[in-house]
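A quick write-up on the structure given underneath.
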Amino acid sequence: MADSLPMGEASVKTLETPPAAAGGTPSTDVSSPPASGSEGRPAADAGLLPRLRAPRRPRIWFEVLLIAISYWTYSLIRNAVPEQKAAALANADWIWSVERSLGIAVEHHVNHAVNSVTWLVVGMNYYYATLHFIVTIGVLVWIYRFHPGRYAATRLVLFATTGVALLGYFFFPLAPPRLMNGGRFVDTVLVHHTWGSMASGNLKHMSNQYAAMPSMHIGWSLWCGLTIFAVASAPWARILGLLYPTATLVVIVSTANHFWLDALGGMLCLAFGYTVSRTWYGALPHRLPRSPLDTSPHPATAAVLNRFRRP
């Protein structure tokens, strides 16, 4: 994922490249939001809403603070949702019966097959526990560094996806397969004594074990994969982008942490996240200019700075 030419980059060049000769007419990019107001005014003189929606170059201190506070708030709310064990187990039985009626209830066979290969299942335990955070942060840093004009919209997709998932945790408590009554699933973290899921072993009391629907392992990994696929131009990077959520799907099922339908829930949350970002910025993240067109301070930042500058 080097500093490569992404999809939609040709439209950005059109905006940044001057006419070839005097009197030439510069091209316009219909997919990128304009840097000026609807009446041709500079962005700084446009209305408040257009200025709020205009992508700007992110500030590292603000992003670190925002992500830290947001994740802390998400974890606090997720773990504050009552652990409704009876309802969660009943919902798990219902999900399992739905999958059986659809002919896709093969999680049990996958779980036991993978568990029989020690090195494979141990690797999956560590995959489940670590890459969920490492890859997500890595993609955020990559977009921040090389595609600042697309960063805010990309980040909004992730935030909206994660935020709406809280509704699922609250209204549909769900036990993972490994906690089902009589499900005969193997909790691979307990069996192989590996450091894995926060919902297993010694760490299980630090996390709500009945917040399995939707799967944010799928929501986040698919966000990573689609972002890489849409923005990177290197074929190997785009292929890896698509393989990452696919591998994550196999891992969450093999370790008995989720049903197939939990993954579908994560995909629906991600679709909501993209809808929110598309509605706010007027384009999907990869369709926005690579570098911000509006270099003026954000209205909120300008208001705070002006307040401190007053005598």
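Chain labels follow the order of the structure tokens: the first chain is A, the next B, and so on; residue numbering restarts at 1 in every chain, and ligands are counted from 1 in their shown order.
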
### Message
Residues near Ala160 of chain A, anyone? I mean within 8 Å using only C-alpha atoms, not counting same-chain ones fewer than 4 positions away, as a list in words.
### Response
Leu156, Val164, Leu270, Phe272, Gly273 and Val276 of chain A

Save out the residues we just selected, all heavy atoms, as a short mmCIF file (atom, residue, chain, number, x, y, z; two decimals), in the first residue's frame.
```
data_model
loop_
_atom_site.label_atom_id
_atom_site.label_comp_id
_atom_site.auth_asym_id
_atom_site.auth_seq_id
_atom_site.Cartn_x
_atom_site.Cartn_y
_atom_site.Cartn_z
N LEU A 156 -15.38 8.58 8.72
CA LEU A 156 -16.80 8.65 9.03
C LEU A 156 -17.50 7.32 8.75
O LEU A 156 -18.40 6.92 9.50
CB LEU A 156 -17.47 9.78 8.24
CG LEU A 156 -18.97 9.97 8.47
CD1 LEU A 156 -19.25 10.22 9.95
CD2 LEU A 156 -19.50 11.12 7.62
N VAL A 164 -23.67 2.35 14.79
CA VAL A 164 -24.96 1.67 14.59
C VAL A 164 -24.92 0.23 15.12
O VAL A 164 -25.96 -0.34 15.47
CB VAL A 164 -25.35 1.69 13.10
CG1 VAL A 164 -24.54 0.69 12.29
CG2 VAL A 164 -26.85 1.43 12.92
N LEU A 270 -21.91 -1.81 7.83
CA LEU A 270 -20.96 -1.11 6.96
C LEU A 270 -21.68 -0.39 5.83
O LEU A 270 -21.31 0.73 5.46
CB LEU A 270 -19.96 -2.10 6.40
CG LEU A 270 -18.86 -1.50 5.51
CD1 LEU A 270 -17.99 -0.54 6.31
CD2 LEU A 270 -17.99 -2.59 4.89
N PHE A 272 -24.59 0.90 6.02
CA PHE A 272 -25.11 2.11 6.66
C PHE A 272 -24.02 3.16 6.79
O PHE A 272 -24.24 4.36 6.54
CB PHE A 272 -25.68 1.77 8.04
CG PHE A 272 -26.09 2.96 8.84
CD1 PHE A 272 -27.32 3.56 8.63
CD2 PHE A 272 -25.25 3.48 9.82
CE1 PHE A 272 -27.70 4.68 9.38
CE2 PHE A 272 -25.62 4.59 10.57
CZ PHE A 272 -26.85 5.19 10.35
N GLY A 273 -22.81 2.74 7.18
CA GLY A 273 -21.70 3.68 7.33
C GLY A 273 -21.37 4.38 6.02
O GLY A 273 -21.14 5.58 5.99
N VAL A 276 -24.07 7.00 5.23
CA VAL A 276 -23.90 8.23 6.00
C VAL A 276 -22.80 9.10 5.40
O VAL A 276 -22.96 10.31 5.20
CB VAL A 276 -23.59 7.90 7.48
CG1 VAL A 276 -23.17 9.16 8.24
CG2 VAL A 276 -24.79 7.25 8.14
#
```

What are the closest atom pairs, with distances in Å to one decimal, for each residue of segment 54-158 of chain A lying within 8 Å of segment 216-239 of chain A, using only C-alpha atoms, rows by chain and rising residue number, as a tab-separated table?
```
residue	atom	partner	partner_atom	distance
A:His132	CA	A:His217	CA	6.2
A:Val135	CA	A:Cys224	CA	7.4
A:Thr136	CA	A:Cys224	CA	6.2
A:Val139	CA	A:Cys224	CA	6.4
A:Thr154	CA	A:Thr227	CA	7.8
A:Val157	CA	A:Trp223	CA	8.0
A:Leu158	CA	A:Trp223	CA	7.0
```

#### Entry: Shell of 8 Å around Pro214 of chain A, only C-alpha atoms, local chain residues under 6 positions omitted, as a list in words
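Surrounding residues, per the criterion: Ala165, Gly168, Tyr169, Asp262, Ala263, Leu264, Gly265, Gly266 and Cys269 of chain A.
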
### Task
Extract, using only C-alpha atoms, all DNA, RNA and protein residues at most 12 Å from segment 102-112 of chain A, discarding same-chain residues fewer than 3 positions from it, and format them as a VMD selection string.
chain A and resid 93 to 99 115 to 118 120 to 121 124 176 to 178 180 182 to 188 191 249 to 262

Same residues, N, CA and C atoms, saved as a short mmCIF file (atom, residue, chain, number, x, y, z; two decimals), in the first residue's frame:
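File written: part29.cif
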```cif
data_model
loop_
_atom_site.label_atom_id
_atom_site.label_comp_id
_atom_site.auth_asym_id
_atom_site.auth_seq_id
_atom_site.Cartn_x
_atom_site.Cartn_y
_atom_site.Cartn_z
N ASP A 93 -30.14 -19.90 19.72
CA ASP A 93 -30.88 -21.07 19.23
C ASP A 93 -31.70 -20.71 17.99
N TRP A 94 -32.28 -19.50 18.00
CA TRP A 94 -33.09 -19.07 16.86
C TRP A 94 -32.22 -18.87 15.61
N ILE A 95 -31.07 -18.21 15.78
CA ILE A 95 -30.14 -18.00 14.66
C ILE A 95 -29.72 -19.36 14.09
N TRP A 96 -29.41 -20.31 14.99
CA TRP A 96 -28.95 -21.63 14.56
C TRP A 96 -30.04 -22.35 13.77
N SER A 97 -31.29 -22.20 14.21
CA SER A 97 -32.39 -22.85 13.49
C SER A 97 -32.62 -22.20 12.13
N VAL A 98 -32.45 -20.88 12.05
CA VAL A 98 -32.60 -20.19 10.77
C VAL A 98 -31.52 -20.66 9.80
N GLU A 99 -30.29 -20.77 10.29
CA GLU A 99 -29.21 -21.22 9.42
C GLU A 99 -29.42 -22.66 8.96
N ASN A 115 -10.11 -27.01 14.76
CA ASN A 115 -9.59 -27.30 16.10
C ASN A 115 -8.69 -28.52 16.12
N SER A 116 -8.83 -29.41 15.16
CA SER A 116 -8.00 -30.62 15.11
C SER A 116 -6.58 -30.34 14.62
N VAL A 117 -6.36 -29.15 14.07
CA VAL A 117 -5.03 -28.75 13.59
C VAL A 117 -4.51 -27.67 14.53
N THR A 118 -3.69 -28.06 15.48
CA THR A 118 -3.31 -27.17 16.58
C THR A 118 -2.66 -25.88 16.10
N LEU A 120 -2.86 -24.35 13.34
CA LEU A 120 -3.79 -23.51 12.60
C LEU A 120 -4.75 -22.78 13.52
N VAL A 121 -5.33 -23.49 14.48
CA VAL A 121 -6.31 -22.86 15.35
C VAL A 121 -5.64 -21.88 16.32
N MET A 124 -5.17 -18.80 14.42
CA MET A 124 -6.45 -18.09 14.27
C MET A 124 -6.84 -17.37 15.54
N PRO A 176 -22.42 -16.18 21.40
CA PRO A 176 -21.65 -16.78 20.32
C PRO A 176 -21.81 -18.29 20.34
N PRO A 177 -21.51 -18.97 19.25
CA PRO A 177 -21.69 -20.43 19.21
C PRO A 177 -21.00 -21.16 20.34
N ARG A 178 -19.82 -20.72 20.76
CA ARG A 178 -19.06 -21.43 21.79
C ARG A 178 -19.77 -21.42 23.15
N MET A 180 -23.22 -21.62 23.41
CA MET A 180 -24.56 -22.21 23.27
C MET A 180 -24.74 -23.42 24.18
N GLY A 182 -25.57 -26.96 24.79
CA GLY A 182 -25.66 -28.18 24.00
C GLY A 182 -25.22 -28.01 22.56
N GLY A 183 -24.52 -26.92 22.26
CA GLY A 183 -24.08 -26.69 20.88
C GLY A 183 -22.86 -27.52 20.50
N ARG A 184 -22.12 -27.97 21.51
CA ARG A 184 -20.93 -28.79 21.30
C ARG A 184 -19.87 -28.08 20.46
N PHE A 185 -19.84 -26.75 20.56
CA PHE A 185 -18.77 -26.00 19.90
C PHE A 185 -17.55 -25.95 20.82
N VAL A 186 -16.39 -25.81 20.22
CA VAL A 186 -15.14 -25.76 20.98
C VAL A 186 -14.72 -24.30 21.15
N ASP A 187 -14.52 -23.88 22.40
CA ASP A 187 -13.95 -22.55 22.67
C ASP A 187 -12.44 -22.70 22.50
N THR A 188 -11.93 -22.35 21.36
CA THR A 188 -10.54 -22.64 21.00
C THR A 188 -9.53 -21.92 21.89
N VAL A 191 -9.43 -24.11 25.16
CA VAL A 191 -8.87 -25.44 24.93
C VAL A 191 -7.37 -25.39 24.70
N LEU A 249 -13.60 -13.78 8.04
CA LEU A 249 -14.84 -14.54 8.10
C LEU A 249 -14.57 -15.99 8.49
N VAL A 250 -13.54 -16.57 7.89
CA VAL A 250 -13.18 -17.96 8.22
C VAL A 250 -12.76 -18.07 9.68
N VAL A 251 -12.01 -17.07 10.16
CA VAL A 251 -11.50 -17.11 11.53
C VAL A 251 -12.62 -16.99 12.55
N ILE A 252 -13.55 -16.07 12.36
CA ILE A 252 -14.58 -15.88 13.38
C ILE A 252 -15.50 -17.09 13.48
N VAL A 253 -15.67 -17.81 12.37
CA VAL A 253 -16.49 -19.02 12.40
C VAL A 253 -15.69 -20.19 12.97
N SER A 254 -14.44 -20.31 12.57
CA SER A 254 -13.61 -21.43 13.03
C SER A 254 -13.38 -21.40 14.53
N THR A 255 -13.28 -20.21 15.11
CA THR A 255 -13.05 -20.08 16.55
C THR A 255 -14.35 -20.06 17.34
N ALA A 256 -15.48 -20.24 16.65
CA ALA A 256 -16.81 -20.29 17.29
C ALA A 256 -17.17 -19.00 18.00
N ASN A 257 -16.68 -17.89 17.48
CA ASN A 257 -17.03 -16.60 18.05
C ASN A 257 -18.25 -15.96 17.38
N HIS A 258 -18.60 -16.41 16.17
CA HIS A 258 -19.73 -15.83 15.46
C HIS A 258 -20.39 -16.86 14.56
N PHE A 259 -21.67 -16.58 14.26
CA PHE A 259 -22.39 -17.31 13.22
C PHE A 259 -22.18 -16.60 11.88
N TRP A 260 -22.53 -17.29 10.79
CA TRP A 260 -22.48 -16.64 9.48
C TRP A 260 -23.35 -15.38 9.47
N LEU A 261 -24.52 -15.46 10.10
CA LEU A 261 -25.45 -14.34 10.05
C LEU A 261 -24.96 -13.14 10.85
N ASP A 262 -24.07 -13.36 11.81
CA ASP A 262 -23.43 -12.23 12.50
C ASP A 262 -22.61 -11.42 11.51
#
```

At most 10 Å is the cut-off: for each residue in segment 126-239 of chain A with any atom that close to an atom of segment 64-68 of chain A, write down the nearest atom pair and the distance in Å rounded to one decimal, counting only C-alpha atoms, chain first then increasing number, as a Markdown table.
```
| residue | atom | partner | partner_atom | distance |
| --- | --- | --- | --- | --- |
| A:Ile137 | CA | A:Ile67 | CA | 9.8 |
| A:Arg155 | CA | A:Ile67 | CA | 9.4 |
| A:Phe159 | CA | A:Ile67 | CA | 9.1 |
```

Keeping all heavy atoms, export the residues of the selection given above as a tab-separated table (two decimals), in the first residue's frame.
```
chain	number	residue	atom	x	y	z
A	137	ILE	N	-6.10	0.22	12.36
A	137	ILE	CA	-5.30	1.42	12.63
A	137	ILE	C	-4.32	1.67	11.49
A	137	ILE	O	-4.09	2.81	11.08
A	137	ILE	CB	-4.55	1.26	13.97
A	137	ILE	CG1	-5.57	1.23	15.12
A	137	ILE	CG2	-3.55	2.39	14.17
A	137	ILE	CD1	-4.95	0.93	16.47
A	155	ARG	N	-12.96	7.86	7.54
A	155	ARG	CA	-13.11	7.71	8.98
A	155	ARG	C	-14.59	7.74	9.38
A	155	ARG	O	-15.02	7.01	10.26
A	155	ARG	CB	-12.35	8.83	9.69
A	155	ARG	CG	-12.33	8.69	11.20
A	155	ARG	CD	-12.87	9.92	11.87
A	155	ARG	NE	-12.03	11.08	11.66
A	155	ARG	CZ	-12.52	12.29	11.42
A	155	ARG	NH1	-13.82	12.48	11.31
A	155	ARG	NH2	-11.72	13.32	11.27
A	159	PHE	N	-16.73	5.13	11.74
A	159	PHE	CA	-17.41	5.58	12.95
A	159	PHE	C	-18.90	5.29	12.90
A	159	PHE	O	-19.49	4.84	13.88
A	159	PHE	CB	-17.17	7.08	13.16
A	159	PHE	CG	-15.87	7.40	13.83
A	159	PHE	CD1	-14.73	6.65	13.59
A	159	PHE	CD2	-15.76	8.46	14.70
A	159	PHE	CE1	-13.52	6.94	14.19
A	159	PHE	CE2	-14.55	8.78	15.33
A	159	PHE	CZ	-13.43	8.01	15.07
```

## Note on the structure
As a check of understanding: the span from atom CA of Ala211 of chain A to atom CA of Pro285 of chain A is 29.1 Å

### Task
Just list the residues in segment 47-237 of chain A DSSP gives helix (DSSP H, G or I) on the backbone, as a ChimeraX atom specification.
/A:48-53,60-80,85-102,107-115,118-146,148-171,177-179,188-192,201-206,216-231,235-237

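Taking atom CA of Asn79 of chain A as the reference point, atom CA of Ala175 of chain A is found at 14.1 Å.
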
### Task
Find the distance between atom CA of Val122 of chain A and atom CA of Leu179 of chain A and write it in Å to one decimal.
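A separation of 19.1 Å between them.
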